[in-house]
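Colleague: Handing you this structure, nothing more for now.
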2 protein chains.
Amino acid sequence: MPAQLLDRAKPAYNGVCIPEDYHMPAPVDHEARRRHIAEIAADLIAQGGMENATIRSVAAAAGYSTAIVTHYFAHKRELLFWAYRAAAHSTQRRFDAAQAADPDDLFAALQAFLPDTPEGVRAWRVYFAFWSATISDPEMAAEQQWWQANALSIIGAVAIRQHGAIAQPDHVARMLLTTVQGIATQAALDQAHWSAQRQHRLLELQVAAILRHANEP
Amino acid sequence: MPAQLLDRAKPAYNGVCIPEDYHMPAPVDHEARRRHIAEIAADLIAQGGMENATIRSVAAAAGYSTAIVTHYFAHKRELLFWAYRAAAHSTQRRFDAAQAADPDDLFAALQAFLPDTPEGVRAWRVYFAFWSATISDPEMAAEQQWWQANALSIIGAVAIRQHGAIAQPDHVARMLLTTVQGIATQAALDQAHWSAQRQHRLLELQVAAILRHANEP
């Protein structure tokens with residue numbers, strides 16, 4: 001024990017010398033730390049592609065040693081997996097916030113999926129990196145399909161609540177998701193030409209066409 | 001010169017000994033060879049992702065030495081660039097064939113962009129690899145945007161020819177492209193659940209909604 005701690009030590013208790021300013025270290029919240037590292041990995045991927053997110057660069061940006069990072073992410077595949085989840089969760093949070101503000105606002109619910117904010121752009125850049133990796137990775141493909149099904153389900157629920165009487169609600173939900181994904185991919189690949197306003201205008205046009213078609217026999 | 005060639009050599013002409021069976025080697029068609037290698041790279045990327053397409057694996061699959069491959073593609077970035085062009089050209093050829101069969105068939109023209117054939121699936125897998133790379137590569141982003149503008153333009157031309165009186169033809173072309181891209185990305189990421197028939201049915205539904213909206217004030 002270093003001298004300065006011994007100097008300030010309480011009298012030995014049960015034979016153990018306990019420094020006055022000693023506190024039990026807070027237990028490490030492993031889930032929180034993993035999420036934190038995953039968020040940093042998502043940032044780095046969104047900034048410079050997969051090459052930009054190495055164990056070393058993520059550790060440096062997170063302020064951890066590479067040993068700590070590799071404790072949570074054995075290799076790049078793990079990093080990408082969790083970066084994808086971080087991006088998908090950020091979209092889910094945007095959707096949830098829109099729903100909390102107005103559960104019947106279908107348009108706001110759909111906007112949550114667009115790259116119309118820095119957060120949204122980040123998410124789509126991570127999605128592209130992940131989509132590319134799904135080509136050779138069935139587990140990643142399954143993860144992507146899970147989130148795709150989730151998006152369809154939450155979009156469908158809002159559409160049905162707002163337009164209860166729509167014919168073929170499954171088709172309408174799928175058409176809405178298709179539209180969102182079509183706009184989002186174009187916008188994320190060419191941000192200079194796709195302002196938030198432009199994305200929203202196209203979304204409005206297409207949603208109007210879909211709902212009109214669904215509501216008129 | 002090996003003995004067997006000398007044996008069959010014609011008499012020296014101007015002091016040069018020319019074997020009887022000598023032919024000038026055919027000039028190498030460098031463009032054709034580059035395209036051939038790019039097609040092989042596209043196949044390998046579509047089969048197993050970017051990791052699957054190395055200078056070495058492309059050379060082996062093409063039947064060339066790695067020296068020949070690196071003559072055309074100095075590094076992986078070049079390979080990916082040309083694999084992307086190979087995929088984009090294959091889509092353009094499908095579109096051209098649909099147009100040659102019936103220049104007024106908007107639906108067939110749009111189908112040309114879908115992953116509803118092995119060729120289409122290959123193209124989309126290469127697109128995903130390329131999209132991922134555009135995050136950190138402005139030249140690749142510009143190339144992607146060029147092809148995106150090309151798709152918008154050729155789709156728009158067919159839409160206007162078939163539905164001359166549509167209001168806001170630019171918007172209609174954009175909505176059609178958005179729909180195609182939304183369907184294609186979903187289908188390419190989950191081929192087991194997206195038969196050609198399912199892709200076509202969704203495309204029909206959305207195109208009907210868009211054209212109906214465009215044609216009715």
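Letters A, B, ... mark the chains of the structure tokens in the order given; residue numbers begin at 1 per chain; ligand numbers begin at 1, in order shown.
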Set the distance at 12 Å and use only C-alpha atoms: which residues neighbour A:Glu39 once local chain neighbours fewer than 6 positions away are removed? I'd like the list as a list in words.
Modeller: Ala32, Arg33, Ile45, Ala46, Ala53, Val58, Ala59, Ala61, Ala62, Leu79, Leu80, Phe81, Trp82, Ala83, Tyr84, Arg85, Ala86, Ala87, Ala88, His89, Ser90, Glu119, Arg122, Ala123 and Val126 of chain A
Colleague: What is the Cα root-mean-square deviation, to one decimal place in Å, for chain B superposed on chain A with all Cα atoms matched in order?
Modeller: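 The C-alpha RMSD comes to 0.3 Å.
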Colleague: Select, from B:Val121, B:Ala141, B:Ile154, B:Leu44, the residue with the minimum atom-to-atom distance to chain A, counting only C-alpha atoms.
Modeller: B:Ala141
Colleague: Got a sec to pull out which chain A residues are within 10 Å of chain B, counting only C-alpha atoms, and send them as a VMD selection string?
Modeller: chain A and resid 45 to 52 124 to 137 141 to 142 144 to 145 148 171 to 172 174 to 186 188 to 190 202 to 203 205 to 214
Colleague: Just to confirm, what's the straight-line distance from atom CA of B:His36 to atom CA of B:Ile68 in Å (one decimal)?
Modeller: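 Atom CA of B:Ile68 lies 12.1 Å from atom CA of B:His36.
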Colleague: Find the spatial neighbours of B:Gln99, counting only C-alpha atoms, within a cut-off of 8 Å - ignore same-chain residues fewer than 6 positions away - and output them as a list in words.
Modeller: Asp105, Ala108 and Ala109 of chain B
Colleague: DSSP on the backbone, then: every residue of stretch 105-151 of chain A marked alpha helix (DSSP H), written as a VMD selection string.
Modeller: chain A and resid 106 to 111 118 to 134 138 to 151
Colleague: Let me see the file: selected residues, C-alpha atoms, as an mmCIF file, in the first residue's frame.
Modeller:
data_model
loop_
_atom_site.group_PDB
_atom_site.id
_atom_site.type_symbol
_atom_site.label_atom_id
_atom_site.label_comp_id
_atom_site.auth_asym_id
_atom_site.auth_seq_id
_atom_site.Cartn_x
_atom_site.Cartn_y
_atom_site.Cartn_z
ATOM 1 C CA LEU A 106 -48.345 8.898 -38.937
ATOM 2 C CA PHE A 107 -46.185 11.408 -40.757
ATOM 3 C CA ALA A 108 -44.040 12.158 -37.687
ATOM 4 C CA ALA A 109 -43.737 8.424 -37.042
ATOM 5 C CA LEU A 110 -42.413 7.871 -40.581
ATOM 6 C CA GLN A 111 -40.044 10.844 -40.387
ATOM 7 C CA PRO A 118 -27.382 14.230 -37.906
ATOM 8 C CA GLU A 119 -28.616 11.308 -35.799
ATOM 9 C CA GLY A 120 -30.597 9.954 -38.737
ATOM 10 C CA VAL A 121 -27.650 10.338 -41.121
ATOM 11 C CA ARG A 122 -25.444 8.499 -38.665
ATOM 12 C CA ALA A 123 -27.921 5.651 -38.470
ATOM 13 C CA TRP A 124 -28.128 5.222 -42.238
ATOM 14 C CA ARG A 125 -24.371 5.242 -42.710
ATOM 15 C CA VAL A 126 -24.086 2.472 -40.144
ATOM 16 C CA TYR A 127 -26.922 0.604 -41.873
ATOM 17 C CA PHE A 128 -25.021 0.731 -45.168
ATOM 18 C CA ALA A 129 -21.885 -0.701 -43.537
ATOM 19 C CA PHE A 130 -24.000 -3.414 -41.948
ATOM 20 C CA TRP A 131 -25.975 -4.216 -45.094
ATOM 21 C CA SER A 132 -22.706 -4.731 -46.917
ATOM 22 C CA ALA A 133 -21.570 -7.147 -44.223
ATOM 23 C CA THR A 134 -24.832 -9.149 -44.337
ATOM 24 C CA PRO A 138 -26.243 -14.902 -42.074
ATOM 25 C CA GLU A 139 -26.437 -13.774 -38.421
ATOM 26 C CA MET A 140 -26.121 -10.166 -39.462
ATOM 27 C CA ALA A 141 -28.715 -10.743 -42.179
ATOM 28 C CA ALA A 142 -31.072 -12.185 -39.546
ATOM 29 C CA GLU A 143 -30.502 -9.200 -37.270
ATOM 30 C CA GLN A 144 -31.278 -6.805 -40.129
ATOM 31 C CA GLN A 145 -34.444 -8.743 -40.953
ATOM 32 C CA TRP A 146 -35.553 -8.551 -37.330
ATOM 33 C CA TRP A 147 -35.293 -4.768 -37.333
ATOM 34 C CA GLN A 148 -36.980 -4.583 -40.716
ATOM 35 C CA ALA A 149 -39.908 -6.606 -39.342
ATOM 36 C CA ASN A 150 -39.962 -4.352 -36.295
ATOM 37 C CA ALA A 151 -40.166 -1.246 -38.494
#
Colleague: Between atom CA of A:Ala159 and atom CA of A:Asp104, what distance in Å does the model show, to one decimal?
Modeller: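 Answer for the atom CA of A:Ala159 to atom CA of A:Asp104 separation: 8.2 Å.
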Colleague: Would you list, as a VMD selection string, the residues of chain A that end up in strand (DSSP E or B) under DSSP run on this structure's backbone?
Modeller: chain A and resid 9 13 16 19
Colleague: When you look at A:Ile160 with a cut-off of 10 Å (counting only C-alpha atoms), what residues show up, excluding the ones that are within fewer than 2 positions of it in the same chain? I need them as a PDB file with C-alpha atoms, in the first residue's frame.
Modeller:
ATOM      1  CA  ASP A 104     -51.853   9.453 -34.244  1.00  0.00           C
ATOM      2  CA  LEU A 106     -48.345   8.898 -38.937  1.00  0.00           C
ATOM      3  CA  ILE A 155     -45.414   1.628 -38.831  1.00  0.00           C
ATOM      4  CA  GLY A 156     -48.407  -0.620 -39.431  1.00  0.00           C
ATOM      5  CA  ALA A 157     -49.748  -0.035 -35.924  1.00  0.00           C
ATOM      6  CA  VAL A 158     -49.728   3.747 -36.401  1.00  0.00           C
ATOM      7  CA  GLN A 162     -54.830   6.705 -37.760  1.00  0.00           C
ATOM      8  CA  HIS A 163     -56.669   5.183 -40.721  1.00  0.00           C
ATOM      9  CA  GLY A 164     -58.669   2.412 -39.127  1.00  0.00           C
ATOM     10  CA  ALA A 165     -60.715   1.651 -42.174  1.00  0.00           C
ATOM     11  CA  ILE A 166     -57.916   1.229 -44.703  1.00  0.00           C
ATOM     12  CA  ALA A 167     -58.221  -1.722 -47.006  1.00  0.00           C
ATOM     13  CA  GLN A 168     -55.374  -4.228 -46.726  1.00  0.00           C
ATOM     14  CA  PRO A 169     -53.500  -2.623 -43.807  1.00  0.00           C
ATOM     15  CA  ASP A 170     -50.581  -5.042 -44.278  1.00  0.00           C
ATOM     16  CA  VAL A 172     -50.319  -0.178 -46.697  1.00  0.00           C
ATOM     17  CA  ALA A 173     -47.718  -0.696 -43.959  1.00  0.00           C
TER      18      ALA A 173
END
Colleague: Using only C-alpha atoms, can you tell me which of A:Gln92, A:Asn215, A:Asp116, A:Leu152 comes closest to A:Ser195?
Modeller: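 That would be A:Asp116, the residue with the smallest distance to A:Ser195.
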Colleague: How many Å lie between atom CA of B:Ile37 and atom CA of B:Thr54, rounded to one decimal?
Modeller: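 Atom-to-atom, atom CA of B:Ile37 and atom CA of B:Thr54 are spaced 11.6 Å apart.
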